[in-house]
>>> print(open('coords_21.txt').read())   # compact mmCIF, C-alpha atoms
# COMPACT_ATOMS: atom_id res chain seq x y z
CA MET A 1 -29.56 15.83 26.51
CA TYR A 2 -28.85 17.47 23.18
CA TYR A 3 -30.88 17.40 20.00
CA CYS A 4 -29.15 16.41 16.72
CA HIS A 5 -30.50 18.57 13.91
CA HIS A 6 -29.28 16.09 11.31
CA CYS A 7 -30.76 12.76 12.48
CA LYS A 8 -33.51 14.51 14.50
CA THR A 9 -32.89 12.57 17.71
CA GLU A 10 -32.10 13.48 21.27
CA LYS A 11 -28.83 12.07 22.57
CA PRO A 12 -26.63 12.48 25.64
CA GLN A 13 -24.00 15.20 25.63
CA THR A 14 -21.24 12.55 25.31
CA GLU A 15 -22.55 11.73 21.80
CA PHE A 16 -21.59 15.23 20.59
CA TYR A 17 -18.17 16.72 19.93
CA GLU A 18 -17.33 19.67 22.16
CA SER A 19 -17.25 22.05 19.20
CA SER A 20 -20.52 20.85 17.64
CA HIS A 21 -23.93 20.85 19.28
CA ARG A 22 -25.98 20.69 16.10
CA LYS A 23 -24.82 17.29 14.78
CA CYS A 24 -23.98 14.19 16.78
CA LYS A 25 -20.66 12.34 16.39
CA GLU A 26 -22.26 9.58 14.31
CA CYS A 27 -23.80 12.03 11.81
CA ILE A 28 -20.50 13.91 11.45
CA LYS A 29 -18.60 10.65 10.88
CA THR A 30 -21.16 9.55 8.27
CA ASN A 31 -20.81 12.86 6.43
CA VAL A 32 -17.00 12.69 6.50
CA ARG A 33 -17.01 9.10 5.13
CA ALA A 34 -19.46 10.04 2.36
CA ASN A 35 -17.39 13.08 1.38
CA ARG A 36 -14.18 11.04 1.25
CA GLU A 37 -15.85 8.37 -0.88
CA LYS A 38 -17.28 11.00 -3.24
CA ASN A 39 -13.88 12.72 -3.67
CA ILE A 40 -11.64 9.67 -3.26
CA GLU A 41 -9.13 10.57 -5.99
CA LYS A 42 -8.55 14.01 -4.49
CA TYR A 43 -7.97 12.48 -1.04
CA ARG A 44 -5.69 9.74 -2.37
CA ALA A 45 -3.52 12.34 -4.13
CA TYR A 46 -3.39 14.38 -0.92
CA ASP A 47 -2.50 11.30 1.15
CA ARG A 48 0.28 10.29 -1.28
CA GLN A 49 1.76 13.79 -1.17
CA ARG A 50 1.50 13.99 2.62
CA ASN A 51 3.11 10.56 3.08
CA MET A 52 6.22 11.78 1.27
CA LEU A 53 6.85 14.66 3.69
CA PRO A 54 10.34 14.20 5.19
CA GLU A 55 9.11 14.04 8.79
CA ARG A 56 6.56 11.33 7.91
CA VAL A 57 9.16 9.27 6.00
CA GLU A 58 11.51 9.53 8.97
CA ALA A 59 8.75 8.62 11.43
CA ARG A 60 7.96 5.47 9.42
CA LYS A 61 11.65 4.50 9.39
CA GLU A 62 11.89 5.02 13.16
CA TYR A 63 8.71 3.02 13.77
CA ILE A 64 9.95 0.04 11.75
CA ARG A 65 13.04 -0.06 14.03
CA THR A 66 10.91 -0.45 17.17
CA GLU A 67 9.89 -3.86 18.51
CA ARG A 68 6.24 -3.14 17.73
CA GLY A 69 7.14 -1.99 14.21
CA LYS A 70 9.14 -5.16 13.59
CA ALA A 71 6.27 -7.32 14.83
CA VAL A 72 3.75 -5.50 12.62
CA LYS A 73 6.02 -5.84 9.57
CA LYS A 74 6.54 -9.55 10.26
CA LYS A 75 2.78 -10.15 10.59
CA SER A 76 2.16 -8.16 7.41
CA MET A 77 4.68 -10.26 5.49
CA GLN A 78 3.12 -13.48 6.81
CA ASN A 79 -0.32 -12.33 5.67
CA TYR A 80 1.10 -11.43 2.24
CA HIS A 81 2.71 -14.87 1.88
CA GLU A 82 -0.57 -16.56 2.84
CA ARG A 83 -2.61 -14.45 0.39
CA TYR A 84 -0.19 -14.92 -2.53
CA PRO A 85 1.57 -18.28 -2.07
CA MET A 86 2.41 -18.73 -5.76
CA LYS A 87 3.83 -15.22 -6.05
CA TYR A 88 5.92 -15.74 -2.91
CA ALA A 89 7.20 -19.12 -4.15
CA ALA A 90 8.19 -17.58 -7.51
CA HIS A 91 10.07 -14.78 -5.74
CA VAL A 92 11.93 -17.22 -3.48
CA MET A 93 12.90 -19.56 -6.34
CA PHE A 94 14.07 -16.68 -8.50
CA ARG A 95 15.97 -14.97 -5.65
CA ASN A 96 17.73 -18.26 -4.86
CA ALA A 97 18.64 -18.74 -8.53
CA VAL A 98 20.17 -15.23 -8.65
CA ARG A 99 22.01 -15.87 -5.37
CA ASP A 100 23.37 -19.21 -6.69
CA LYS A 101 24.31 -17.54 -10.00
CA ARG A 102 22.02 -19.85 -12.01
CA VAL A 103 20.44 -16.64 -13.32
CA LEU A 104 22.53 -13.57 -13.99
CA LYS A 105 21.13 -10.27 -12.83
CA VAL A 106 20.91 -7.68 -15.59
CA SER A 107 21.68 -4.06 -14.74
CA VAL A 108 19.77 -2.38 -17.61
CA CYS A 109 16.00 -1.91 -17.89
CA SER A 110 14.57 -3.78 -20.88
CA GLU A 111 12.04 -0.97 -21.51
CA CYS A 112 13.95 2.31 -21.16
CA ASN A 113 17.61 1.20 -20.83
CA SER A 114 17.89 2.89 -17.43
CA THR A 115 20.45 1.54 -14.97
CA ASP A 116 18.65 2.85 -11.86
CA LYS A 117 17.33 0.19 -9.44
CA VAL A 118 16.66 -2.61 -11.97
CA GLU A 119 14.35 -5.38 -10.70
CA GLY A 120 13.21 -8.77 -11.98
CA HIS A 121 9.54 -8.67 -13.01
CA HIS A 122 7.22 -11.67 -13.47
CA ASP A 123 4.42 -11.33 -16.03
CA ASP A 124 3.38 -14.87 -15.11
CA TYR A 125 4.09 -16.26 -11.63
CA THR A 126 3.60 -19.84 -12.85
CA LYS A 127 6.95 -19.40 -14.66
CA PRO A 128 9.31 -18.32 -11.85
CA PHE A 129 12.45 -18.05 -14.02
CA ASP A 130 10.79 -16.15 -16.85
CA VAL A 131 11.44 -12.54 -15.84
CA ARG A 132 11.97 -9.20 -17.50
CA TRP A 133 14.40 -6.72 -16.00
CA LEU A 134 12.67 -3.40 -15.38
CA CYS A 135 13.69 -0.26 -13.56
CA GLU A 136 11.51 0.71 -10.61
CA LYS A 137 9.65 3.34 -12.68
CA CYS A 138 8.84 0.98 -15.59
CA HIS A 139 7.94 -1.79 -13.13
CA LYS A 140 5.37 0.42 -11.35
CA GLU A 141 4.03 1.64 -14.70
CA TRP A 142 3.57 -1.96 -15.89
CA HIS A 143 1.55 -2.85 -12.78
CA LYS A 144 -0.65 0.24 -13.21
CA HIS A 145 -1.86 -1.02 -16.58
CA ASN A 146 -1.53 -4.82 -16.34
CA GLU A 147 -2.45 -7.72 -14.11
CA PRO A 148 0.08 -10.55 -13.58
CA ILE A 149 -0.94 -14.18 -14.05
CA TYR A 150 -1.19 -16.22 -10.84
CA PHE A 151 -2.67 -19.53 -12.03
>>> encode(input="coords_21.txt", output="structure tokens")
Amino acid sequence: MYYCHHCKTEKPQTEFYESSHRKCKECIKTNVRANREKNIEKYRAYDRQRNMLPERVEARKEYIRTERGKAVKKKSMQNYHERYPMKYAAHVMFRNAVRDKRVLKVSVCSECNSTDKVEGHHDDYTKPFDVRWLCEKCHKEWHKHNEPIYF
């Protein structure tokens, strides 16, 4: 039995990490969670930067090609469609209208006049054909500062 100096209890050796005999696993986990919560912006910035490392990007691409990766992606999309049925319906109706050439796709961003990766953006999902054409950068910026209408 070992004594945890943090929670002041005696616990079996299996409740301690090999490298730490002063704090039990539960106390260490609690401290790590509290530290992450306290410094969440710092950790989010670190995570975003780390996720863009070439080997991590490649690993995600490889994973999505596996059977398990495909199943996880499919389940994720199903959950998304169930959580946001109106948003999904608006996307489908608009995509079909573009496909059938009832709506012409514009190749210039309405905010910055960029021609890079222009996307249709809904301010209000109750109006599926009322879109603005925004480049990926302007589209992300809009969503940072605004909330779309769902009902």
>>> atom_distance(input="coords_21.txt", atom1="atom CA of Pro128 of chain A", atom2="atom CA of Lys144 of chain A")
21.1 Å
>>> residues_near_point(input="coords_21.txt", point="(-30.0, 19.9, 18.5)", cutoff="10 Å", atoms="all atoms listed in the file", output="list in words")
Met1, Tyr2, Tyr3, Cys4, His5, His6, Cys7, Lys8, Thr9, Glu10, Lys11, Phe16, Ser20, His21, Arg22, Lys23 and Cys24 of chain A
>>> residues_around(input="coords_21.txt", residues="segment 84-93 of chain A", least_positions_apart="2", cutoff="7 Å", atoms="all atoms listed in the file", output="PyMOL selection string")
chain A and resi 80-82+95-97+125+128+150
>>> write_last_selection(input="coords_21.txt", atoms="C-alpha atoms", output="CSV table (one decimal), keeping the file's coordinate frame")
chain,number,residue,atom,x,y,z
A,80,TYR,CA,1.1,-11.4,2.2
A,81,HIS,CA,2.7,-14.9,1.9
A,82,GLU,CA,-0.6,-16.6,2.8
A,95,ARG,CA,16.0,-15.0,-5.6
A,96,ASN,CA,17.7,-18.3,-4.9
A,97,ALA,CA,18.6,-18.7,-8.5
A,125,TYR,CA,4.1,-16.3,-11.6
A,128,PRO,CA,9.3,-18.3,-11.8
A,150,TYR,CA,-1.2,-16.2,-10.8
>>> atom_distance(input="coords_21.txt", atom1="atom CA of Ile149 of chain A", atom2="atom CA of Thr126 of chain A")
7.4 Å
>>> atom_distance(input="coords_21.txt", atom1="atom CA of Lys127 of chain A", atom2="atom CA of Ser76 of chain A")
25.2 Å
>>> closest_residue(input="coords_21.txt", among="A:Lys101, A:Arg68, A:Lys117, A:His122", to="Cys135 of chain A", atoms="all atoms listed in the file")
A:Lys117
>>> residues_around(input="coords_21.txt", residues="Glu111 of chain A", least_positions_apart="4", cutoff="12 Å", atoms="all atoms listed in the file", output="ChimeraX atom specification")
/A:115,118-119,121,132-139,141-142
